[in-house]
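A.B. asks: One file is attached below, coords_33.txt, containing compact mmCIF, C-alpha atoms.
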```txt
# COMPACT_ATOMS: atom_id res chain seq x y z
CA MET A 138 26.31 -8.54 -17.30
CA ASN A 139 28.11 -10.94 -15.03
CA CYS A 140 25.60 -12.91 -12.98
CA CYS A 141 28.04 -13.88 -10.24
CA ASN A 142 29.03 -10.29 -9.38
CA ASN A 143 25.45 -9.14 -8.93
CA GLU A 144 24.07 -12.36 -7.47
CA HIS A 145 23.52 -11.04 -3.93
CA LYS A 146 21.91 -7.80 -5.14
CA THR A 147 19.73 -9.67 -7.65
CA GLU A 148 18.65 -12.16 -4.97
CA ASP A 149 17.67 -9.34 -2.56
CA ASN A 150 15.67 -7.62 -5.29
CA LEU A 151 14.07 -10.92 -6.26
CA ILE A 152 13.02 -11.75 -2.71
CA SER A 153 11.68 -8.23 -2.21
CA SER A 154 9.69 -8.44 -5.43
CA LEU A 155 8.34 -11.87 -4.52
CA ARG A 156 7.21 -10.66 -1.11
CA LYS A 157 5.35 -7.76 -2.75
CA LEU A 158 3.83 -10.09 -5.33
CA VAL A 159 2.64 -12.71 -2.85
CA GLY A 160 1.43 -10.00 -0.47
CA ARG A 161 -0.56 -8.54 -3.38
CA SER A 162 0.96 -5.11 -2.95
CA GLU A 163 2.54 -5.06 -6.42
CA ILE A 164 0.13 -5.35 -9.32
CA TYR A 165 0.72 -4.75 -13.01
CA GLY A 166 -2.55 -4.10 -14.80
CA SER A 167 -5.15 -6.42 -13.36
CA ARG A 168 -2.83 -9.35 -12.69
CA PRO A 169 0.23 -9.68 -10.47
CA SER A 170 3.42 -9.66 -12.52
CA LEU A 171 7.13 -9.99 -11.96
CA THR A 172 10.11 -9.75 -14.27
CA ILE A 173 12.92 -12.07 -13.22
CA ASP A 174 16.42 -12.20 -14.68
CA VAL A 175 17.39 -15.77 -13.82
CA CYS A 176 21.05 -16.72 -14.03
CA SER A 177 21.13 -20.27 -12.72
CA GLU A 178 19.11 -23.36 -11.84
CA ARG A 179 19.94 -22.74 -8.18
CA GLN A 180 18.35 -19.28 -8.27
CA VAL A 181 15.21 -20.82 -9.76
CA GLN A 182 15.12 -23.35 -6.89
CA LEU A 183 15.65 -20.62 -4.29
CA MET A 184 12.92 -18.53 -5.86
CA SER A 185 10.52 -21.49 -5.94
CA GLU A 186 11.21 -22.27 -2.28
CA GLU A 187 10.68 -18.65 -1.27
CA ILE A 188 7.37 -18.48 -3.17
CA GLN A 189 6.22 -21.75 -1.61
CA ASP A 190 7.11 -20.52 1.90
CA LEU A 191 5.26 -17.23 1.36
CA GLU A 192 2.19 -19.03 -0.04
CA GLU A 193 2.14 -21.40 2.95
CA GLU A 194 2.40 -18.47 5.36
CA GLN A 195 -0.44 -16.67 3.56
CA GLY A 196 -2.49 -19.88 3.71
CA ARG A 197 -1.92 -20.21 7.46
CA LEU A 198 -3.04 -16.61 8.01
CA VAL A 199 -6.21 -17.10 5.97
CA SER A 200 -6.89 -20.43 7.66
CA GLY A 201 -6.43 -18.85 11.09
CA PHE A 202 -8.84 -16.04 10.24
CA ARG A 203 -11.34 -18.61 8.96
CA GLU A 204 -11.14 -20.40 12.32
CA VAL A 205 -11.93 -17.13 14.13
CA ILE A 206 -14.97 -16.58 11.88
CA ASP A 207 -16.19 -20.13 12.53
CA LEU A 208 -15.66 -19.83 16.30
CA ILE A 209 -17.63 -16.58 16.47
CA SER A 210 -20.42 -18.15 14.42
CA THR A 211 -20.66 -21.36 16.46
CA SER A 212 -20.59 -19.47 19.75
CA GLN A 213 -23.89 -17.78 18.79
CA ARG A 214 -22.87 -14.86 20.99
CA LEU A 215 -23.63 -11.21 20.46
CA VAL A 216 -21.28 -9.62 17.92
CA VAL A 217 -20.85 -5.93 18.75
CA VAL A 218 -19.57 -3.84 15.83
CA HIS A 219 -19.35 -0.27 14.63
CA ASN A 220 -20.39 0.64 11.09
CA SER A 221 -19.52 -2.83 9.82
CA LEU A 222 -21.41 -3.25 6.55
CA ASN A 223 -18.22 -3.23 4.46
CA ASP A 224 -16.48 -5.59 6.88
CA PHE A 225 -19.33 -8.09 6.84
CA ALA A 226 -19.63 -7.85 3.04
CA PHE A 227 -15.91 -8.71 2.76
CA ILE A 228 -16.16 -11.58 5.26
CA HIS A 229 -19.26 -12.92 3.53
CA SER A 230 -17.74 -12.80 0.05
CA LYS A 231 -14.38 -14.30 1.06
CA PHE A 232 -15.35 -16.89 3.68
CA LEU A 233 -19.06 -17.69 3.50
CA ALA A 234 -20.47 -17.44 -0.02
CA PRO A 235 -20.70 -15.04 -2.95
CA LEU A 236 -22.55 -11.84 -2.10
CA PRO A 237 -26.29 -12.16 -2.69
CA PRO A 238 -27.88 -9.82 -5.26
CA THR A 239 -30.11 -7.95 -2.79
CA MET A 240 -29.63 -6.40 0.63
CA ASN A 241 -32.47 -8.48 2.10
CA GLU A 242 -30.84 -11.72 0.93
CA PHE A 243 -27.47 -10.52 2.28
CA THR A 244 -29.00 -9.68 5.66
CA SER A 245 -30.77 -13.03 5.82
CA SER A 246 -27.60 -14.92 4.89
CA LEU A 247 -25.49 -12.98 7.37
CA LEU A 248 -27.98 -13.47 10.20
CA SER A 249 -28.00 -17.22 9.56
CA VAL A 250 -24.28 -17.22 10.42
CA TYR A 251 -24.25 -14.41 13.01
CA PRO A 252 -27.77 -14.24 14.48
CA HIS A 253 -26.93 -11.63 17.11
CA ILE A 254 -25.30 -8.49 15.67
CA LEU A 255 -25.38 -5.12 17.37
CA ASP A 256 -24.10 -2.23 15.27
CA ILE A 257 -23.30 0.63 17.64
CA ASN A 258 -23.31 3.19 14.82
CA HIS A 259 -26.84 2.19 13.81
CA LEU A 260 -27.95 2.12 17.45
CA MET A 261 -26.62 5.62 18.10
CA LYS A 262 -28.47 6.93 15.05
CA GLU A 263 -31.68 5.33 16.29
CA ILE A 264 -31.22 6.76 19.81
CA GLY A 265 -30.45 10.20 18.38
CA LEU A 266 -33.57 10.04 16.24
CA PHE A 267 -35.61 8.86 19.23
CA ASN A 268 -34.24 11.70 21.43
CA LYS A 269 -35.14 14.28 18.78
CA MET A 270 -38.67 12.91 18.54
CA THR A 271 -39.27 12.87 22.32
CA SER A 272 -37.72 16.27 23.04
CA ARG A 273 -40.33 18.17 21.02
```
Can the structure from this file be put into structure tokens for me?

C.D. replies:
Amino acid sequence: MNCCNNEHKTEDNLISSLRKLVGRSEIYGSRPSLTIDVCSERQVQLMSEEIQDLEEEQGRLVSGFREVIDLISTSQRLVVVHNSLNDFAFIHSKFLAPLPPTMNEFTSSLLSVYPHILDINHLMKEIGLFNKMTSR
């Protein structure tokens, strides 16, 4: 196979594969994987630069989201949500600390960061239950 004739096509496929890999949308088994047919030192450099750029972009996105989480926490304002247990579990595990072993510990930990949470889904269930009890 002549590397020079397929260089543009190989580079497009490589960049596409790298984007999928860094974006975690392409997984082989339990670990990300990528097969690369490298023809030259220059392609290795280009690939390394592309990976570094994608990692920096991913880092900026995560850092920006972390800032939002910190701003909401420091504001101590009411956080209004709808059916957010999974969302808060993800935020807790990725940005605050590992998930605690019990629900009570999780609730306590979460309320130490976000002391004022109003879950509309839970509230509507409580109101519905209250309406059923009072209408009898």

A.B. asks: Centre and edge lengths of an axis-aligned box around all listed atoms of region 184-187 of chain A, with 3 Å added on each side, are to be given in Å to one decimal, as lines of an AutoDock Vina configuration file.

C.D. replies:
```
center_x = 11.7
center_y = -20.4
center_z = -3.6
size_x = 8.4
size_y = 9.7
size_z = 10.7
```

A.B. asks: One number please: CA of Lys231 (chain A) to CA of Ile152 (chain A), in Å, one decimal.

C.D. replies: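 Distance reported for this atom pair: 27.8 Å.
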
A.B. asks: Could you make a table, as a Markdown table, of the residues of region 174-229 of chain A that have an atom within 9 Å of an atom of region 243-247 of chain A, each with its nearest atom pair and distance in Å to one decimal, counting all atoms listed in the file, in chain and number order?

C.D. replies:
```
| residue | atom | partner | partner_atom | distance |
| --- | --- | --- | --- | --- |
| A:Phe225 | CA | A:Leu247 | CA | 7.9 |
| A:Ala226 | CA | A:Phe243 | CA | 8.3 |
| A:His229 | CA | A:Leu247 | CA | 7.3 |
```

A.B. asks: Find the residues around Pro252 (chain A) up to 12 Å (only C-alpha atoms counted), leave out those fewer than 4 positions away in its own chain, and share them as a PyMOL selection string.

C.D. replies: chain A and resi 209-217+244-248

A.B. asks: Could you tell me how far CA of His219 (chain A) lies from CA of Arg197 (chain A), in Å and to one decimal?

C.D. replies: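 Calculated distance between CA of His219 (chain A) and CA of Arg197 (chain A) is 27.4 Å.
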
A.B. asks: Rounded to one decimal, what separation in Å do you get between CA of Ser230 (chain A) and CA of Gln195 (chain A)?

C.D. replies: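 The value is 18.1 Å.
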
A.B. asks: Counting all atoms listed in the file, which of A:Pro237, A:Lys269, A:Leu151, A:Phe227 gets nearest to Val181 (chain A)?

C.D. replies: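 Smallest distance to Val181 (chain A) is found for A:Leu151.
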
A.B. asks: Using all atoms listed in the file, which residue out of A:Ile228, A:Glu192, A:Asn220, A:Asn241 lies closest to Lys262 (chain A)?

C.D. replies: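 The answer is A:Asn220, which sits nearest to Lys262 (chain A).
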
A.B. asks: Let me make sure I understand: among A:Val205, A:Leu236, A:Leu183, A:Val218, which one has the smallest atom-to-atom distance to Leu260 (chain A) if we use only C-alpha atoms?

C.D. replies: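 The answer is A:Val218, which sits nearest to Leu260 (chain A).
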
A.B. asks: Taking all atoms listed in the file into account, which of A:Ile254, A:Arg156, A:Leu222, A:Ile206 comes nearest Asp190 (chain A)?

C.D. replies: A:Arg156
